[in-house]
>>> print(open('start14.cif').read())   # mmCIF, C-alpha atoms
data_run
loop_
_atom_site.label_atom_id
_atom_site.label_comp_id
_atom_site.auth_asym_id
_atom_site.auth_seq_id
_atom_site.Cartn_x
_atom_site.Cartn_y
_atom_site.Cartn_z
CA MET A 1 73.68 102.93 126.92
CA SER A 2 72.45 105.88 124.84
CA GLY A 3 73.95 107.07 121.54
CA GLY A 4 75.64 110.00 123.30
CA GLU A 5 77.31 107.67 125.79
CA TYR A 6 78.71 105.53 122.97
CA VAL A 7 80.10 108.68 121.30
CA ALA A 8 81.69 109.76 124.62
CA ALA A 9 83.16 106.26 125.06
CA ALA A 10 84.70 106.27 121.55
CA TYR A 11 86.30 109.71 121.93
CA GLY A 12 87.26 108.89 125.55
CA VAL A 13 89.14 105.76 124.49
CA VAL A 14 91.18 107.80 121.97
CA PHE A 15 91.91 110.42 124.65
CA VAL A 16 93.01 107.78 127.19
CA PHE A 17 95.25 106.11 124.57
CA LEU A 18 96.91 109.46 123.89
CA LEU A 19 97.42 110.09 127.62
CA VAL A 20 98.97 106.64 128.09
CA TYR A 21 101.23 107.28 125.08
CA VAL A 22 102.37 110.62 126.53
CA ALA A 23 103.00 108.92 129.91
CA ILE A 24 105.15 106.24 128.22
CA ILE A 25 107.12 108.90 126.31
CA ALA A 26 107.59 110.86 129.57
CA ALA A 27 108.91 107.72 131.32
CA LYS A 28 111.34 107.15 128.46
CA LEU A 29 112.50 110.78 128.66
CA VAL A 30 113.23 110.37 132.37
CA ARG A 31 115.30 107.27 131.57
CA LEU A 32 117.20 109.14 128.84
CA GLN A 33 117.85 112.03 131.24
CA ARG A 34 119.24 109.57 133.81
CA ASP A 35 121.45 107.92 131.17
CA THR A 36 122.74 111.33 130.03
CA ALA A 37 123.58 112.30 133.63
CA GLU A 38 125.47 109.00 134.12
CA LEU A 39 127.44 109.55 130.90
CA LEU A 40 128.26 113.11 131.91
CA GLU A 41 129.59 111.81 135.22
CA LEU A 42 131.61 109.16 133.37
CA ALA A 43 133.07 111.78 130.99
CA ARG A 44 134.04 114.09 133.92
CA ARG A 45 135.82 111.26 135.71
CA ARG A 46 137.86 110.52 132.57
CA GLU A 47 139.05 114.13 132.28
CA MET B 1 126.74 107.68 114.87
CA SER B 2 123.16 108.52 113.85
CA SER B 3 121.99 111.91 115.02
CA ALA B 4 118.76 112.27 116.97
CA PHE B 5 118.78 116.02 116.80
CA ALA B 6 118.27 116.85 113.13
CA PRO B 7 114.52 116.01 112.97
CA ILE B 8 113.61 117.77 116.25
CA ARG B 9 113.59 121.34 114.88
CA SER B 10 110.23 121.21 113.10
CA LEU B 11 108.54 119.00 115.73
CA PRO B 12 107.14 121.67 118.09
CA GLY B 13 105.56 123.54 115.16
CA LEU B 14 104.06 120.34 113.76
CA ALA B 15 102.74 119.35 117.20
CA ALA B 16 101.11 122.80 117.60
CA VAL B 17 99.45 122.53 114.18
CA ALA B 18 98.24 118.99 115.04
CA ALA B 19 96.77 120.24 118.34
CA GLY B 20 95.04 123.17 116.57
CA LEU B 21 93.63 120.89 113.88
CA MET B 22 92.43 118.44 116.54
CA GLY B 23 90.60 121.24 118.36
CA GLY B 24 89.04 122.40 115.06
CA ALA B 25 88.05 118.83 114.22
CA LEU B 26 86.29 118.37 117.58
CA LEU B 27 84.50 121.71 117.15
CA LEU B 28 83.34 120.82 113.64
CA SER B 29 82.37 117.25 114.54
CA PHE B 30 80.32 118.12 117.62
CA PHE B 31 78.96 121.63 117.07
CA ILE B 32 78.96 122.44 113.33
CA ALA B 33 78.23 119.17 111.49
CA PRO B 34 74.51 118.33 111.51
CA GLU B 35 73.17 115.22 113.23
CA ASP B 36 72.70 112.27 110.89
CA ALA B 37 69.04 111.58 110.09
CA ASP B 38 69.52 107.81 110.08
CA GLN B 39 71.99 107.05 112.92
CA GLY B 40 71.52 110.11 115.10
CA ILE B 41 74.30 111.18 117.47
CA SER B 42 76.22 107.89 117.24
CA GLN B 43 77.19 108.81 113.64
CA ARG B 44 79.63 111.33 115.16
CA ILE B 45 81.95 108.39 115.92
CA PHE B 46 82.55 108.39 112.13
CA TYR B 47 84.66 111.58 112.45
CA ILE B 48 87.18 109.83 114.71
CA HIS B 49 86.88 106.17 113.67
CA VAL B 50 87.40 106.53 109.89
CA PRO B 51 90.36 108.98 110.09
CA ILE B 52 92.03 106.65 112.63
CA ALA B 53 91.48 103.65 110.34
CA LEU B 54 92.89 105.53 107.32
CA THR B 55 95.87 106.62 109.44
CA ALA B 56 96.51 103.00 110.46
CA TYR B 57 96.61 102.05 106.75
CA PHE B 58 98.93 105.01 106.12
CA CYS B 59 101.31 103.94 108.92
CA PHE B 60 101.43 100.33 107.70
CA GLY B 61 102.03 101.62 104.16
CA LEU B 62 104.80 103.93 105.42
CA GLY B 63 106.38 101.00 107.28
CA ALA B 64 106.34 98.92 104.10
CA TRP B 65 107.78 101.81 102.05
CA LYS B 66 110.65 102.24 104.52
CA ALA B 67 111.20 98.46 104.42
CA LEU B 68 111.43 98.64 100.63
CA LEU B 69 113.97 101.48 100.92
CA LEU B 70 116.01 99.37 103.34
CA LEU B 71 116.11 96.42 100.94
CA TRP B 72 116.75 98.69 97.94
CA ARG B 73 119.39 101.05 99.31
CA GLY B 74 120.73 98.98 102.21
CA ASP B 75 120.70 101.97 104.60
CA GLU B 76 120.13 100.64 108.15
CA ARG B 77 118.34 103.80 109.32
CA TYR B 78 115.25 102.68 107.33
CA ASP B 79 114.96 99.64 109.61
CA LEU B 80 114.17 101.79 112.64
CA GLU B 81 111.86 104.04 110.58
CA SER B 82 109.96 101.01 109.27
CA TYR B 83 109.66 99.54 112.78
CA VAL B 84 108.39 102.82 114.29
CA ALA B 85 105.84 103.31 111.47
CA ILE B 86 104.49 99.77 111.98
CA HIS B 87 104.39 100.35 115.73
CA GLN B 88 102.28 103.49 115.12
CA GLY B 89 100.12 101.46 112.74
CA THR B 90 99.35 98.88 115.42
CA ILE B 91 98.49 101.66 117.92
CA PHE B 92 96.07 103.25 115.44
CA GLY B 93 94.89 99.79 114.39
CA SER B 94 93.96 99.01 118.03
CA LEU B 95 92.08 102.31 118.22
CA THR B 96 90.29 101.49 114.94
CA LEU B 97 89.11 98.15 116.32
CA ILE B 98 88.00 99.66 119.66
CA THR B 99 86.18 102.72 118.24
CA GLY B 100 84.72 100.50 115.48
CA ALA B 101 83.39 98.04 118.07
CA ILE B 102 81.77 100.89 120.03
CA TRP B 103 80.17 102.28 116.84
CA ALA B 104 79.03 98.76 115.83
CA LYS B 105 77.35 98.31 119.22
CA ALA B 106 75.62 101.69 118.89
CA SER B 107 74.49 101.13 115.27
CA TRP B 108 74.11 97.37 114.77
CA GLY B 109 73.58 96.28 118.40
CA VAL B 110 76.67 94.00 118.41
CA TRP B 111 80.32 94.66 119.28
CA TRP B 112 81.61 92.58 116.38
CA THR B 113 80.28 90.63 113.39
CA TRP B 114 82.17 88.02 111.39
CA ASP B 115 79.78 88.62 108.45
CA SER B 116 81.50 91.86 107.44
CA ASN B 117 84.51 91.25 105.18
CA GLN B 118 85.82 94.74 105.93
CA LEU B 119 86.07 93.97 109.66
CA VAL B 120 87.62 90.53 109.21
CA LEU B 121 90.18 91.80 106.67
CA PHE B 122 91.16 94.71 108.90
CA LEU B 123 91.58 92.30 111.84
CA THR B 124 93.74 90.05 109.62
CA LEU B 125 95.90 93.03 108.61
CA PHE B 126 96.20 94.12 112.25
CA LEU B 127 97.16 90.63 113.48
CA PHE B 128 99.63 90.25 110.60
CA TYR B 129 101.47 93.36 111.72
CA CYS B 130 101.22 92.32 115.40
CA ALA B 131 103.11 89.17 114.39
CA TYR B 132 105.80 91.45 112.88
CA PHE B 133 106.96 92.25 116.43
CA MET B 134 107.12 88.55 117.34
CA LEU B 135 109.36 87.94 114.31
CA ARG B 136 111.49 91.03 114.95
CA PHE B 137 112.18 90.33 118.61
CA SER B 138 112.79 86.63 118.09
CA LEU B 139 115.93 87.44 116.05
CA PRO B 140 119.21 88.88 117.35
CA GLU B 141 119.88 92.53 116.47
CA GLY B 142 121.73 92.95 113.18
CA PRO B 143 121.38 92.92 109.38
CA ARG B 144 119.55 89.56 109.34
CA ARG B 145 116.85 90.89 111.64
CA SER B 146 116.52 94.12 109.61
CA ARG B 147 116.12 92.28 106.33
CA SER B 148 113.74 89.60 107.64
CA SER B 149 111.56 92.29 109.24
CA ALA B 150 111.61 94.35 106.02
CA VAL B 151 110.53 91.40 103.87
CA TYR B 152 107.70 90.60 106.31
CA ALA B 153 106.57 94.26 106.37
CA LEU B 154 106.48 94.28 102.56
CA PHE B 155 104.29 91.14 102.40
CA GLY B 156 101.73 92.79 104.66
CA VAL B 157 101.29 95.78 102.36
CA ALA B 158 99.39 93.55 99.90
CA LEU B 159 96.60 93.28 102.48
CA ILE B 160 96.08 97.07 102.62
CA PRO B 161 94.32 97.60 99.24
CA VAL B 162 92.33 94.37 99.72
CA SER B 163 91.18 95.53 103.15
CA PHE B 164 90.45 99.03 101.88
CA LEU B 165 88.44 97.84 98.87
CA ALA B 166 86.75 94.95 100.70
CA ILE B 167 83.39 96.71 100.96
CA ARG B 168 83.23 97.31 97.22
CA LEU B 169 84.61 93.89 96.29
CA ALA B 170 82.14 92.00 98.46
CA GLU B 171 79.17 94.38 98.17
CA ASP B 172 78.97 94.34 101.93
CA PHE B 173 75.69 95.87 103.07
CA ILE B 174 76.46 95.66 106.80
CA HIS B 175 79.38 98.07 106.59
CA PRO B 176 78.01 100.87 104.37
CA THR B 177 79.99 102.62 101.60
CA THR B 178 80.24 106.34 102.31
CA PHE B 179 82.56 107.30 99.46
CA THR B 180 81.20 106.20 96.09
CA ARG B 181 81.99 107.18 92.48
CA ASP B 182 79.32 109.89 92.86
CA GLY B 183 81.36 111.49 95.68
CA PRO B 184 80.93 111.46 99.46
CA GLN B 185 77.42 110.49 100.60
CA MET B 186 77.14 113.26 103.21
CA THR B 187 76.51 116.99 103.47
CA GLY B 188 79.24 119.56 102.78
CA THR B 189 79.64 120.38 106.48
CA MET B 190 79.94 116.71 107.40
CA PHE B 191 82.56 116.24 104.69
CA THR B 192 84.51 119.29 105.93
CA ALA B 193 84.43 117.92 109.51
CA PHE B 194 85.66 114.57 108.20
CA CYS B 195 88.51 116.14 106.17
CA VAL B 196 89.70 118.29 109.10
CA SER B 197 89.54 115.25 111.42
CA TRP B 198 91.49 113.18 108.91
CA ALA B 199 94.18 115.87 108.57
CA ALA B 200 94.36 116.21 112.39
CA VAL B 201 94.72 112.47 113.05
CA THR B 202 97.25 111.99 110.23
CA LEU B 203 99.39 114.87 111.47
CA LEU B 204 99.11 113.63 115.06
CA ALA B 205 100.30 110.20 113.93
CA TYR B 206 103.20 111.79 112.06
CA VAL B 207 104.20 113.83 115.14
CA LEU B 208 104.04 110.70 117.34
CA TYR B 209 106.09 108.82 114.72
CA ARG B 210 108.78 111.52 114.77
CA VAL B 211 108.79 111.73 118.59
CA GLU B 212 109.21 107.97 118.92
CA LEU B 213 111.91 107.96 116.23
CA VAL B 214 113.86 110.75 117.99
CA GLY B 215 113.60 108.88 121.31
CA LYS B 216 114.87 105.62 119.80
CA ARG B 217 117.74 107.33 117.93
CA LEU B 218 118.72 109.21 121.08
CA HIS B 219 118.76 105.93 122.99
CA THR B 220 121.05 104.40 120.31
CA ASP B 221 123.33 107.47 120.36
CA LEU B 222 123.65 107.28 124.16
CA ARG B 223 124.41 103.57 124.03
CA GLU B 224 127.19 104.20 121.50
CA LEU B 225 128.51 107.06 123.62
CA ARG B 226 128.57 104.81 126.69
CA GLU B 227 130.50 102.15 124.77
CA ALA B 228 133.00 104.83 123.62
CA LEU B 229 133.48 106.16 127.17
CA GLU B 230 133.76 102.82 128.99
#
>>> encode(input="start14.cif", output="structure tokens")
Amino acid sequence: MSGGEYVAAAYGVVFVFLLVYVAIIAAKLVRLQRDTAELLELARRRE
Amino acid sequence: MSSAFAPIRSLPGLAAVAAGLMGGALLLSFFIAPEDADQGISQRIFYIHVPIALTAYFCFGLGAWKALLLLWRGDERYDLESYVAIHQGTIFGSLTLITGAIWAKASWGVWWTWDSNQLVLFLTLFLFYCAYFMLRFSLPEGPRRSRSSAVYALFGVALIPVSFLAIRLAEDFIHPTTFTRDGPQMTGTMFTAFCVSWAAVTLLAYVLYRVELVGKRLHTDLRELREALE
């Protein structure tokens, strides 16, 4: 591998880590949205 | 009930500043800073590797500070803040080890060397905080878990200055010293690129810390709401 390829690999790893992190946060948001919808349904049924 | 909404207000602005700084850092690191005469293009890994390593230290330090506040004031909200900071520290610690290994391969021809005290001490610090999660999740949720985790997090903070000063303490010639008493051993443009990169990575870590904290508090709020409704 050349020096440039090592530089690309180092920055690429950081970029991929960030993407994975964003994907995990997005998955958690979807779960929170589902929980909120369930609670809203529960609250409406109690009214 | 803890509120997840109070810290959200400033988050979009902070995230935008972090993104702008990151763009500026990449521009400076790749197009403005001159190529290093000794290492060539592979030296540009310095602008991402060192800020990430410093940010990992910062996150571990923040986790220990929040742990101290928990033990001192007894406020349970510091437990979650300490946990999230240490979680961020292990993420940035992993990135430090990976980018460091790539730079080592490019510069020294090996992915890792046990001869460098700096590397071994950083790995020790990283593994110490990885074990924090094993301790935390082996205990049932409650005050005992919070306090045990806080004490453990505080012990680890002693490793940070040792790891940081390892190069100077051991006169390690494999891992060179860039910042000496005479100032940074680099040109003004290189130093500017480094400072902008450091600011960008630190702010990014802080934004991720706040996002994760908001998510976890929201989850707790919803759980309490469910218990109240059922």
>>> closest_residue(input="start14.cif", among="B:Arg210, B:Arg147, B:Arg77, B:His49", to="chain A", atoms="only C-alpha atoms")
B:His49
>>> closest_residue(input="start14.cif", among="B:Gly74, B:Gly40, B:Pro143, B:Pro12", to="chain A", atoms="all atoms listed in the file")
B:Gly40
>>> residues_near_point(input="start14.cif", point="(123.8, 109.6, 121.3)", cutoff="12 Å", atoms="all atoms listed in the file", output="JSON, numbers by chain")
{"A": [32, 33, 35, 36, 39], "B": [1, 2, 3, 4, 5, 214, 215, 216, 217, 218, 219, 220, 221, 222, 223, 224, 225, 226, 227, 228, 229]}
>>> interface_residues(input="start14.cif", of="chain A", to="chain B", cutoff="8 Å", atoms="all atoms listed in the file", output="list in words")
Ser2, Gly3, Gly4, Tyr6, Val7, Ala9, Ala10, Tyr11, Val13, Val14, Ile25, Lys28, Leu29, Leu32, Asp35, Thr36, Leu39, Leu42 and Ala43 of chain A
>>> resolve_selection(input="start14.cif", expression="the PyMOL selection byres ((chain B and resi 130-137) around 8)", output="list in words")
Thr90, Phe126, Leu127, Phe128, Tyr129, Ser138, Leu139, Pro140, Arg145, Ser146, Ser148, Ser149, Tyr152 and Ala153 of chain B
>>> closest_residue(input="start14.cif", among="B:Val196, B:Leu125, B:Cys59, B:Val17", to="Gly89 (chain B)", atoms="only C-alpha atoms")
B:Cys59
>>> axis_aligned_box(input="start14.cif", around="region 98-116 of chain B", padding_each_side="4 Å", output="JSON")
{"center_x": 80.8, "center_y": 95.4, "center_z": 113.7, "size_x": 22.4, "size_y": 22.7, "size_z": 20.6}
>>> resolve_selection(input="start14.cif", expression="the PyMOL selection byres ((chain B and resi 58) around 10)", output="JSON, numbers by chain")
{"B": [52, 53, 54, 55, 56, 57, 59, 60, 61, 62, 63, 64, 85, 86, 88, 89, 92, 160, 202, 205, 206]}
>>> atom_distance(input="start14.cif", atom1="CA of Leu69 (chain B)", atom2="CA of Leu204 (chain B)")
23.8 Å
